[in-house]
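Visitor: Please see the structure below; I have some questions.
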Amino acid sequence: MASNQINRNKFFPGGIHVPCLTFFQNNPRQDIDWDVQEKHLSFLIQSGLHGIVLAGSNGEAVTLSTVEKTSLVQLTRKLAARLNRPDVTITLGCGGQSTHHVIDETIAAQQAGADFAMVLVPSYYHFAMDSAAIVSFFEEVADHSPIPVMVYNYPGVAAGLDVDSDMLVKLSAHPNISGAKLTCGGIGKVPRVTANAASPFSVLGGQIDWMGPAMAVGAVGAITGMANLYPRACVELYDLYKAGKVQEATELQLKAATSEWAFAKGGINGSKWVVAKLLGYPDDSAACRRPYPLFADTAKQEWMLELAGKLKPVEEVLLTRST
């Protein structure tokens with residue numbers, strides 16, 4: 001199908017989208033801590049981020065029920081309206097090990113108020129998931145999803161299954177598949193996809209440490225966990241690249257890459273620990289849902305604070321500028 005014949009459902013907007021952390025209470029069931037969750041979501045919405053991704057990998061999607069996911073969407077939508085950002089893009093991670101389950105989650109996402117569904121390839125039967133099966137899965141989900149689908153490519157949590165550039169180009173022809181998040185770090189995919197995809201098709205990096213190079217070859221932004229802590233610095237980096245201020249952007253990109261390494265190396269529990277520590281959330285907020293262990297090694301904590309802290313002065317200047 002020629003790109004000019006595609007009646008695409010909705011274009012996934014460029015910019016900085018944050019995979020919001022999910023915070024839990026210190027009780028036996030580790031229920032969601034809605035007080036901390038509301039505080040954190042308000043912080044993110046007010047920071048000027050272009051979108052909020054709920055129940056992604058950073059949000060511990062695999063530990064959440066569909067009801068919990070949709071409750072997160074409803075809270076975010078309510079807060080966005082209250083904080084005068086009713087149009088902020090809300091994306092929900094819709095996952096499962098069957099096409100049936102994933103479609104059900106996209107329906108629930110739409111009913112709760114989400115704009116997009118971010119979908120990871122099922123991997124329990126990874127030995128059977130060849131390229132044809134992967135493409136067929138995404139196409140069938142998109143056929144039945146009431147909201148546009150974003151392909152979430154993260155081989156590290158999907159038994160090594162990689163949605164390669166050939167598959168992404170093919171999927172880009174579906175009018176209800178709006179783009180892809182590349183947490184594979186495959187920057188070479190970006191130009192291959194953007195040069196050949198049906199237009200429009202958004203490609204975003206899954207980290208911010210290579211956003212500049214990715215934007216230079218067609219990416220439209222990043223979905224980055226570091227925006228949980230430094231949202232304004234991430235948006236500033238995006239704005240500098242968009243404005244063509246290459247030298248300033250490069251200088252900030254180097255700082256961002258250094259701090260991003262802390263988040264990548266520290267894992268989700270390390271990310272939650274440093275966010276809770278630096279944003280002043282209760283110590284219990286750093287806990288992931290079990291069996292994910294606590295980030296309790298003091299040497300690793302000090303290393304995390306040192307690296308993550310390198311971007312703190314930039315964030316503080318930007319915060320002062322905005323107030």
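As shown in the structure tokens, the chain order sets the letters A, B, ...; within each chain, residues go from 1, and ligands are also counted from 1 in the order they appear.
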Per DSSP on the backbone, what are the alpha helix (DSSP H) residues of segment 22-136 of chain A, as number ranges by chain?
Guide: A: 34-46, 66-82, 99-112, 131-136
Visitor: Kindly export the residues of the current selection with C-alpha atoms, as a PDB file, in the first residue's frame.
Guide:
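That gives us selection.pdb:
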```
ATOM      1  CA  TRP A  34      -1.688   6.158  45.368  1.00  0.00           C
ATOM      2  CA  ASP A  35      -0.483   9.127  47.433  1.00  0.00           C
ATOM      3  CA  VAL A  36       3.102   8.841  46.173  1.00  0.00           C
ATOM      4  CA  GLN A  37       1.843   7.952  42.696  1.00  0.00           C
ATOM      5  CA  GLU A  38      -0.249  11.107  42.520  1.00  0.00           C
ATOM      6  CA  LYS A  39       2.662  13.219  43.750  1.00  0.00           C
ATOM      7  CA  HIS A  40       5.012  11.774  41.153  1.00  0.00           C
ATOM      8  CA  LEU A  41       2.546  12.048  38.283  1.00  0.00           C
ATOM      9  CA  SER A  42       1.859  15.670  39.195  1.00  0.00           C
ATOM     10  CA  PHE A  43       5.601  16.360  39.159  1.00  0.00           C
ATOM     11  CA  LEU A  44       5.930  14.821  35.702  1.00  0.00           C
ATOM     12  CA  ILE A  45       2.886  16.512  34.193  1.00  0.00           C
ATOM     13  CA  GLN A  46       3.930  19.948  35.468  1.00  0.00           C
ATOM     14  CA  THR A  66      -5.318  -4.736  34.089  1.00  0.00           C
ATOM     15  CA  VAL A  67      -7.423  -3.000  36.750  1.00  0.00           C
ATOM     16  CA  GLU A  68      -4.312  -1.396  38.251  1.00  0.00           C
ATOM     17  CA  LYS A  69      -3.164  -0.270  34.825  1.00  0.00           C
ATOM     18  CA  THR A  70      -6.473   1.352  33.951  1.00  0.00           C
ATOM     19  CA  SER A  71      -6.610   3.010  37.380  1.00  0.00           C
ATOM     20  CA  LEU A  72      -3.226   4.580  36.619  1.00  0.00           C
ATOM     21  CA  VAL A  73      -4.582   5.920  33.335  1.00  0.00           C
ATOM     22  CA  GLN A  74      -7.665   7.363  35.019  1.00  0.00           C
ATOM     23  CA  LEU A  75      -5.590   9.069  37.698  1.00  0.00           C
ATOM     24  CA  THR A  76      -3.195  10.528  35.129  1.00  0.00           C
ATOM     25  CA  ARG A  77      -6.046  11.844  33.001  1.00  0.00           C
ATOM     26  CA  LYS A  78      -7.680  13.429  36.051  1.00  0.00           C
ATOM     27  CA  LEU A  79      -4.432  15.072  37.173  1.00  0.00           C
ATOM     28  CA  ALA A  80      -3.644  16.322  33.662  1.00  0.00           C
ATOM     29  CA  ALA A  81      -6.997  18.105  33.532  1.00  0.00           C
ATOM     30  CA  ARG A  82      -6.517  19.556  37.002  1.00  0.00           C
ATOM     31  CA  THR A  99      -3.057 -11.955  21.237  1.00  0.00           C
ATOM     32  CA  HIS A 100      -6.439 -12.302  22.944  1.00  0.00           C
ATOM     33  CA  HIS A 101      -5.104 -10.873  26.217  1.00  0.00           C
ATOM     34  CA  VAL A 102      -3.275  -7.991  24.572  1.00  0.00           C
ATOM     35  CA  ILE A 103      -6.349  -6.946  22.577  1.00  0.00           C
ATOM     36  CA  ASP A 104      -8.405  -6.991  25.781  1.00  0.00           C
ATOM     37  CA  GLU A 105      -5.862  -4.673  27.397  1.00  0.00           C
ATOM     38  CA  THR A 106      -6.003  -2.223  24.476  1.00  0.00           C
ATOM     39  CA  ILE A 107      -9.777  -2.084  24.860  1.00  0.00           C
ATOM     40  CA  ALA A 108      -9.440  -1.451  28.599  1.00  0.00           C
ATOM     41  CA  ALA A 109      -6.806   1.218  27.883  1.00  0.00           C
ATOM     42  CA  GLN A 110      -9.118   3.083  25.528  1.00  0.00           C
ATOM     43  CA  GLN A 111     -12.021   2.921  27.969  1.00  0.00           C
ATOM     44  CA  ALA A 112      -9.815   4.349  30.718  1.00  0.00           C
ATOM     45  CA  SER A 131       9.401 -12.971  11.931  1.00  0.00           C
ATOM     46  CA  ALA A 132       6.113 -13.963  10.311  1.00  0.00           C
ATOM     47  CA  ALA A 133       4.551 -14.738  13.692  1.00  0.00           C
ATOM     48  CA  ILE A 134       5.764 -11.450  15.163  1.00  0.00           C
ATOM     49  CA  VAL A 135       4.430  -9.377  12.275  1.00  0.00           C
ATOM     50  CA  SER A 136       1.139 -11.265  12.331  1.00  0.00           C
TER      51      SER A 136
END
```
Visitor: Quick one: residues within 9 Å of Ile187 of chain A, only C-alpha atoms counted, chain neighbours fewer than 3 positions away excluded, as a ChimeraX atom specification?
Guide: /A:182,184,190-191,205,210,213-214,217
Visitor: Let's have the selection written as an mmCIF file, in the first residue's frame, with N, CA, C and O atoms.
Guide:
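After the write, out-v3.cif holds the following:
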```cif
data_model
loop_
_atom_site.group_PDB
_atom_site.id
_atom_site.type_symbol
_atom_site.label_atom_id
_atom_site.label_comp_id
_atom_site.auth_asym_id
_atom_site.auth_seq_id
_atom_site.Cartn_x
_atom_site.Cartn_y
_atom_site.Cartn_z
ATOM 1 N N LEU A 182 12.351 1.994 20.455
ATOM 2 C CA LEU A 182 13.499 1.105 20.306
ATOM 3 C C LEU A 182 14.340 1.105 21.574
ATOM 4 O O LEU A 182 15.216 1.944 21.768
ATOM 5 N N CYS A 184 16.131 -1.396 22.107
ATOM 6 C CA CYS A 184 17.181 -2.326 21.681
ATOM 7 C C CYS A 184 18.510 -1.603 21.498
ATOM 8 O O CYS A 184 19.553 -2.243 21.359
ATOM 9 N N VAL A 190 17.081 3.130 12.967
ATOM 10 C CA VAL A 190 16.354 4.388 12.800
ATOM 11 C C VAL A 190 16.371 4.855 11.346
ATOM 12 O O VAL A 190 15.301 5.063 10.748
ATOM 13 N N PRO A 191 17.534 5.032 10.715
ATOM 14 C CA PRO A 191 17.502 5.471 9.323
ATOM 15 C C PRO A 191 16.907 4.432 8.385
ATOM 16 O O PRO A 191 16.257 4.790 7.399
ATOM 17 N N GLY A 205 13.742 6.602 20.497
ATOM 18 C CA GLY A 205 14.703 5.811 21.241
ATOM 19 C C GLY A 205 14.141 5.436 22.598
ATOM 20 O O GLY A 205 13.300 6.157 23.151
ATOM 21 N N TRP A 210 21.323 8.385 23.334
ATOM 22 C CA TRP A 210 21.626 8.436 21.899
ATOM 23 C C TRP A 210 20.515 9.148 21.118
ATOM 24 O O TRP A 210 20.358 8.957 19.933
ATOM 25 N N PRO A 213 21.925 11.614 18.001
ATOM 26 C CA PRO A 213 22.241 10.882 16.778
ATOM 27 C C PRO A 213 21.004 10.260 16.132
ATOM 28 O O PRO A 213 20.890 10.224 14.903
ATOM 29 N N ALA A 214 20.073 9.786 16.955
ATOM 30 C CA ALA A 214 18.864 9.181 16.401
ATOM 31 C C ALA A 214 17.989 10.229 15.707
ATOM 32 O O ALA A 214 17.437 9.985 14.627
ATOM 33 N N VAL A 217 18.820 11.190 12.163
ATOM 34 C CA VAL A 217 18.464 10.287 11.068
ATOM 35 C C VAL A 217 16.983 9.900 11.109
ATOM 36 O O VAL A 217 16.586 8.861 10.597
#
```
Visitor: Mind the document's chain letters and residue numbers, and return as a list in words the residues of segment 98-217 of chain A that DSSP labels strand (DSSP E).
Guide: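 Answer for segment 98-217 of chain A restricted to strand (DSSP E) is Phe116, Ala117, Met118, Val119, Leu120, Val149, Met150, Val151, Tyr152, Asn153, Ile177, Ser178, Gly179, Ala180, Lys181, Leu182, Ser202, Val203, Leu204 and Gly205 of chain A.
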Visitor: In Å to one decimal, how far is atom CA of Asp166 of chain A from atom CA of Ser202 of chain A?
Guide: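 Spanning atom CA of Ser202 of chain A to atom CA of Asp166 of chain A is a straight-line distance of 15.4 Å.
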Visitor: From the list A:Gly212, A:Ala219, A:Ala227, A:Pro122, which residue is nearest Tyr241 of chain A when using only C-alpha atoms?
Guide: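 Distance minimum relative to Tyr241 of chain A lands on A:Gly212.
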Visitor: Need the shell around segment 302-308 of chain A: protein/DNA/RNA residues with any atom at most 8 Å away, counting only C-alpha atoms. Skip same-chain ones fewer than 5 positions apart. Format as a PyMOL selection string?
Guide: chain A and resi 258-263+266+270+274
Visitor: Can I get the selection written as a PDB file, in the first residue's frame, with all heavy atoms?
Guide:
```
ATOM      1  N   THR A 258      26.003  10.439  30.449  1.00  0.00           N
ATOM      2  CA  THR A 258      26.695  10.005  31.666  1.00  0.00           C
ATOM      3  C   THR A 258      25.690   9.637  32.750  1.00  0.00           C
ATOM      4  O   THR A 258      25.800   8.593  33.401  1.00  0.00           O
ATOM      5  CB  THR A 258      27.630  11.120  32.166  1.00  0.00           C
ATOM      6  OG1 THR A 258      28.591  11.422  31.150  1.00  0.00           O
ATOM      7  CG2 THR A 258      28.364  10.685  33.428  1.00  0.00           C
ATOM      8  N   SER A 259      24.684  10.483  32.950  1.00  0.00           N
ATOM      9  CA  SER A 259      23.686  10.201  33.971  1.00  0.00           C
ATOM     10  C   SER A 259      22.794   9.028  33.578  1.00  0.00           C
ATOM     11  O   SER A 259      22.379   8.236  34.431  1.00  0.00           O
ATOM     12  CB  SER A 259      22.825  11.446  34.233  1.00  0.00           C
ATOM     13  OG  SER A 259      23.557  12.434  34.925  1.00  0.00           O
ATOM     14  N   GLU A 260      22.489   8.915  32.294  1.00  0.00           N
ATOM     15  CA  GLU A 260      21.645   7.808  31.826  1.00  0.00           C
ATOM     16  C   GLU A 260      22.295   6.455  32.131  1.00  0.00           C
ATOM     17  O   GLU A 260      21.599   5.470  32.388  1.00  0.00           O
ATOM     18  CB  GLU A 260      21.410   7.938  30.323  1.00  0.00           C
ATOM     19  CG  GLU A 260      20.646   6.793  29.684  1.00  0.00           C
ATOM     20  CD  GLU A 260      19.146   7.009  29.651  1.00  0.00           C
ATOM     21  OE1 GLU A 260      18.478   6.691  30.649  1.00  0.00           O
ATOM     22  OE2 GLU A 260      18.661   7.474  28.625  1.00  0.00           O
ATOM     23  N   TRP A 261      23.614   6.401  32.123  1.00  0.00           N
ATOM     24  CA  TRP A 261      24.313   5.148  32.394  1.00  0.00           C
ATOM     25  C   TRP A 261      23.963   4.626  33.780  1.00  0.00           C
ATOM     26  O   TRP A 261      23.875   3.418  34.007  1.00  0.00           O
ATOM     27  CB  TRP A 261      25.820   5.342  32.243  1.00  0.00           C
ATOM     28  CG  TRP A 261      26.630   4.100  32.471  1.00  0.00           C
ATOM     29  CD1 TRP A 261      27.660   3.933  33.363  1.00  0.00           C
ATOM     30  CD2 TRP A 261      26.512   2.841  31.795  1.00  0.00           C
ATOM     31  NE1 TRP A 261      28.185   2.664  33.283  1.00  0.00           N
ATOM     32  CE2 TRP A 261      27.489   1.966  32.322  1.00  0.00           C
ATOM     33  CE3 TRP A 261      25.671   2.378  30.788  1.00  0.00           C
ATOM     34  CZ2 TRP A 261      27.649   0.656  31.896  1.00  0.00           C
ATOM     35  CZ3 TRP A 261      25.818   1.066  30.354  1.00  0.00           C
ATOM     36  CH2 TRP A 261      26.799   0.224  30.899  1.00  0.00           C
ATOM     37  N   ALA A 262      23.754   5.553  34.719  1.00  0.00           N
ATOM     38  CA  ALA A 262      23.365   5.139  36.067  1.00  0.00           C
ATOM     39  C   ALA A 262      22.028   4.424  36.041  1.00  0.00           C
ATOM     40  O   ALA A 262      21.837   3.403  36.711  1.00  0.00           O
ATOM     41  CB  ALA A 262      23.304   6.358  36.990  1.00  0.00           C
ATOM     42  N   PHE A 263      21.091   4.939  35.255  1.00  0.00           N
ATOM     43  CA  PHE A 263      19.765   4.329  35.180  1.00  0.00           C
ATOM     44  C   PHE A 263      19.825   2.988  34.456  1.00  0.00           C
ATOM     45  O   PHE A 263      19.161   2.024  34.851  1.00  0.00           O
ATOM     46  CB  PHE A 263      18.795   5.276  34.474  1.00  0.00           C
ATOM     47  CG  PHE A 263      18.390   6.449  35.318  1.00  0.00           C
ATOM     48  CD1 PHE A 263      19.221   7.553  35.442  1.00  0.00           C
ATOM     49  CD2 PHE A 263      17.195   6.450  36.007  1.00  0.00           C
ATOM     50  CE1 PHE A 263      18.870   8.634  36.228  1.00  0.00           C
ATOM     51  CE2 PHE A 263      16.829   7.520  36.803  1.00  0.00           C
ATOM     52  CZ  PHE A 263      17.666   8.618  36.917  1.00  0.00           C
ATOM     53  N   GLY A 266      21.890   0.642  36.814  1.00  0.00           N
ATOM     54  CA  GLY A 266      21.271   0.445  38.119  1.00  0.00           C
ATOM     55  C   GLY A 266      20.010  -0.385  38.076  1.00  0.00           C
ATOM     56  O   GLY A 266      19.575  -0.912  39.101  1.00  0.00           O
ATOM     57  N   GLY A 270      17.317   0.300  41.055  1.00  0.00           N
ATOM     58  CA  GLY A 270      18.240   1.419  41.234  1.00  0.00           C
ATOM     59  C   GLY A 270      17.616   2.738  40.821  1.00  0.00           C
ATOM     60  O   GLY A 270      17.798   3.766  41.483  1.00  0.00           O
ATOM     61  N   VAL A 274      17.040   5.943  43.391  1.00  0.00           N
ATOM     62  CA  VAL A 274      17.606   7.284  43.232  1.00  0.00           C
ATOM     63  C   VAL A 274      16.520   8.327  43.040  1.00  0.00           C
ATOM     64  O   VAL A 274      16.644   9.465  43.511  1.00  0.00           O
ATOM     65  CB  VAL A 274      18.647   7.311  42.078  1.00  0.00           C
ATOM     66  CG1 VAL A 274      17.982   7.358  40.708  1.00  0.00           C
ATOM     67  CG2 VAL A 274      19.601   8.489  42.248  1.00  0.00           C
TER      68      VAL A 274
END
```
Visitor: Skip Ala114 of chain A itself and residues of its chain fewer than 5 positions away, then list as a PyMOL selection string all residues within 8 Å of it, counting only C-alpha atoms.
Guide: chain A and resi 73+89-92+109+147
Visitor: Export, as an mmCIF file, in the first residue's frame, the selected residues with N, CA and C atoms.
Guide:
```cif
data_model
loop_
_atom_site.group_PDB
_atom_site.id
_atom_site.type_symbol
_atom_site.label_atom_id
_atom_site.label_comp_id
_atom_site.auth_asym_id
_atom_site.auth_seq_id
_atom_site.Cartn_x
_atom_site.Cartn_y
_atom_site.Cartn_z
ATOM 1 N N VAL A 73 -4.172 5.049 34.444
ATOM 2 C CA VAL A 73 -4.582 5.920 33.335
ATOM 3 C C VAL A 73 -5.605 6.939 33.822
ATOM 4 N N THR A 89 -0.202 13.510 26.172
ATOM 5 C CA THR A 89 -0.353 12.171 25.602
ATOM 6 C C THR A 89 -0.150 11.106 26.679
ATOM 7 N N ILE A 90 -1.111 10.190 26.767
ATOM 8 C CA ILE A 90 -1.034 9.092 27.727
ATOM 9 C C ILE A 90 -0.982 7.775 26.957
ATOM 10 N N THR A 91 0.057 7.010 27.220
ATOM 11 C CA THR A 91 0.264 5.713 26.575
ATOM 12 C C THR A 91 0.268 4.634 27.653
ATOM 13 N N LEU A 92 -0.401 3.531 27.389
ATOM 14 C CA LEU A 92 -0.437 2.444 28.352
ATOM 15 C C LEU A 92 0.234 1.209 27.782
ATOM 16 N N ALA A 109 -7.582 -0.021 27.925
ATOM 17 C CA ALA A 109 -6.806 1.218 27.883
ATOM 18 C C ALA A 109 -7.624 2.351 27.281
ATOM 19 N N ILE A 147 -7.411 1.909 19.928
ATOM 20 C CA ILE A 147 -6.465 3.024 19.936
ATOM 21 C C ILE A 147 -5.217 2.604 19.173
#
```
Visitor: Any idea what the distance is between atom CA of Ala243 of chain A and atom CA of Val169 of chain A?
Guide: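 Distance reported for this atom pair: 28.1 Å.
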Visitor: Identify, on the basis of only C-alpha atoms, every residue whose closest approach to Asp209 of chain A does not exceed 7 Å; exclude the query and any residue fewer than 4 positions from it along the same chain; express the result as a ChimeraX atom specification.
Guide: /A:253,256-257,260
Visitor: Output N, CA, C and O atoms for every residue in that selection, as a PDB file, in the first residue's frame.
Guide:
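The resulting selection.pdb:
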```
ATOM      1  N   GLN A 253      24.019  16.609  25.664  1.00  0.00           N
ATOM      2  CA  GLN A 253      23.899  15.181  25.365  1.00  0.00           C
ATOM      3  C   GLN A 253      24.959  14.368  26.103  1.00  0.00           C
ATOM      4  O   GLN A 253      24.687  13.275  26.616  1.00  0.00           O
ATOM      5  N   ALA A 256      23.922  14.108  29.691  1.00  0.00           N
ATOM      6  CA  ALA A 256      22.767  13.219  29.805  1.00  0.00           C
ATOM      7  C   ALA A 256      23.179  11.759  29.660  1.00  0.00           C
ATOM      8  O   ALA A 256      22.692  10.884  30.379  1.00  0.00           O
ATOM      9  N   ALA A 257      24.116  11.501  28.747  1.00  0.00           N
ATOM     10  CA  ALA A 257      24.559  10.122  28.535  1.00  0.00           C
ATOM     11  C   ALA A 257      25.254   9.578  29.769  1.00  0.00           C
ATOM     12  O   ALA A 257      25.114   8.394  30.109  1.00  0.00           O
ATOM     13  N   GLU A 260      22.489   8.915  32.294  1.00  0.00           N
ATOM     14  CA  GLU A 260      21.645   7.808  31.826  1.00  0.00           C
ATOM     15  C   GLU A 260      22.295   6.455  32.131  1.00  0.00           C
ATOM     16  O   GLU A 260      21.599   5.470  32.388  1.00  0.00           O
TER      17      GLU A 260
END
```
Visitor: For atom CA of Tyr125 of chain A and atom CA of Lys189 of chain A, determine how far apart the two atoms are, in Å to one decimal place.
Guide: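 Distance between the two atoms: 25.1 Å.
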Visitor: Report as JSON lines the residues of segment 248-277 of chain A within 12 Å of segment 15-21 of chain A, each with its shortest atom pair and distance in Å (one decimal), using only C-alpha atoms, ordered by chain and increasing residue number.
Guide:
```
{"residue": "A:Ile268", "atom": "CA", "partner": "A:Leu21", "partner_atom": "CA", "distance": 8.7}
{"residue": "A:Asn269", "atom": "CA", "partner": "A:Leu21", "partner_atom": "CA", "distance": 10.1}
{"residue": "A:Gly270", "atom": "CA", "partner": "A:Leu21", "partner_atom": "CA", "distance": 11.6}
{"residue": "A:Ser271", "atom": "CA", "partner": "A:Leu21", "partner_atom": "CA", "distance": 8.8}
{"residue": "A:Lys272", "atom": "CA", "partner": "A:Leu21", "partner_atom": "CA", "distance": 7.2}
{"residue": "A:Trp273", "atom": "CA", "partner": "A:Leu21", "partner_atom": "CA", "distance": 10.8}
{"residue": "A:Val274", "atom": "CA", "partner": "A:Leu21", "partner_atom": "CA", "distance": 11.8}
{"residue": "A:Val275", "atom": "CA", "partner": "A:Leu21", "partner_atom": "CA", "distance": 9.2}
{"residue": "A:Ala276", "atom": "CA", "partner": "A:Leu21", "partner_atom": "CA", "distance": 10.3}
```
Visitor: Would you save the residues from that selection as an mmCIF file, in the first residue's frame, using N, CA, C and O atoms?
Guide:
```
data_model
loop_
_atom_site.group_PDB
_atom_site.id
_atom_site.type_symbol
_atom_site.label_atom_id
_atom_site.label_comp_id
_atom_site.auth_asym_id
_atom_site.auth_seq_id
_atom_site.Cartn_x
_atom_site.Cartn_y
_atom_site.Cartn_z
ATOM 1 N N ILE A 268 15.834 -1.202 37.320
ATOM 2 C CA ILE A 268 14.608 -0.550 37.768
ATOM 3 C C ILE A 268 14.659 -0.256 39.266
ATOM 4 O O ILE A 268 14.254 0.827 39.715
ATOM 5 N N ASN A 269 15.193 -1.197 40.052
ATOM 6 C CA ASN A 269 15.254 -0.931 41.494
ATOM 7 C C ASN A 269 16.226 0.207 41.806
ATOM 8 O O ASN A 269 15.972 1.020 42.703
ATOM 9 N N GLY A 270 17.317 0.300 41.055
ATOM 10 C CA GLY A 270 18.240 1.419 41.234
ATOM 11 C C GLY A 270 17.616 2.738 40.821
ATOM 12 O O GLY A 270 17.798 3.766 41.483
ATOM 13 N N SER A 271 16.865 2.713 39.731
ATOM 14 C CA SER A 271 16.182 3.924 39.268
ATOM 15 C C SER A 271 15.173 4.395 40.307
ATOM 16 O O SER A 271 15.096 5.592 40.630
ATOM 17 N N LYS A 272 14.398 3.454 40.851
ATOM 18 C CA LYS A 272 13.410 3.833 41.858
ATOM 19 C C LYS A 272 14.097 4.370 43.109
ATOM 20 O O LYS A 272 13.633 5.341 43.718
ATOM 21 N N TRP A 273 15.214 3.751 43.465
ATOM 22 C CA TRP A 273 15.919 4.199 44.666
ATOM 23 C C TRP A 273 16.410 5.630 44.516
ATOM 24 O O TRP A 273 16.198 6.461 45.407
ATOM 25 N N VAL A 274 17.040 5.943 43.391
ATOM 26 C CA VAL A 274 17.606 7.284 43.232
ATOM 27 C C VAL A 274 16.520 8.327 43.040
ATOM 28 O O VAL A 274 16.644 9.465 43.511
ATOM 29 N N VAL A 275 15.425 7.967 42.379
ATOM 30 C CA VAL A 275 14.314 8.911 42.224
ATOM 31 C C VAL A 275 13.696 9.214 43.583
ATOM 32 O O VAL A 275 13.457 10.382 43.935
ATOM 33 N N ALA A 276 13.432 8.171 44.375
ATOM 34 C CA ALA A 276 12.860 8.384 45.702
ATOM 35 C C ALA A 276 13.803 9.203 46.582
ATOM 36 O O ALA A 276 13.372 10.106 47.314
#
```
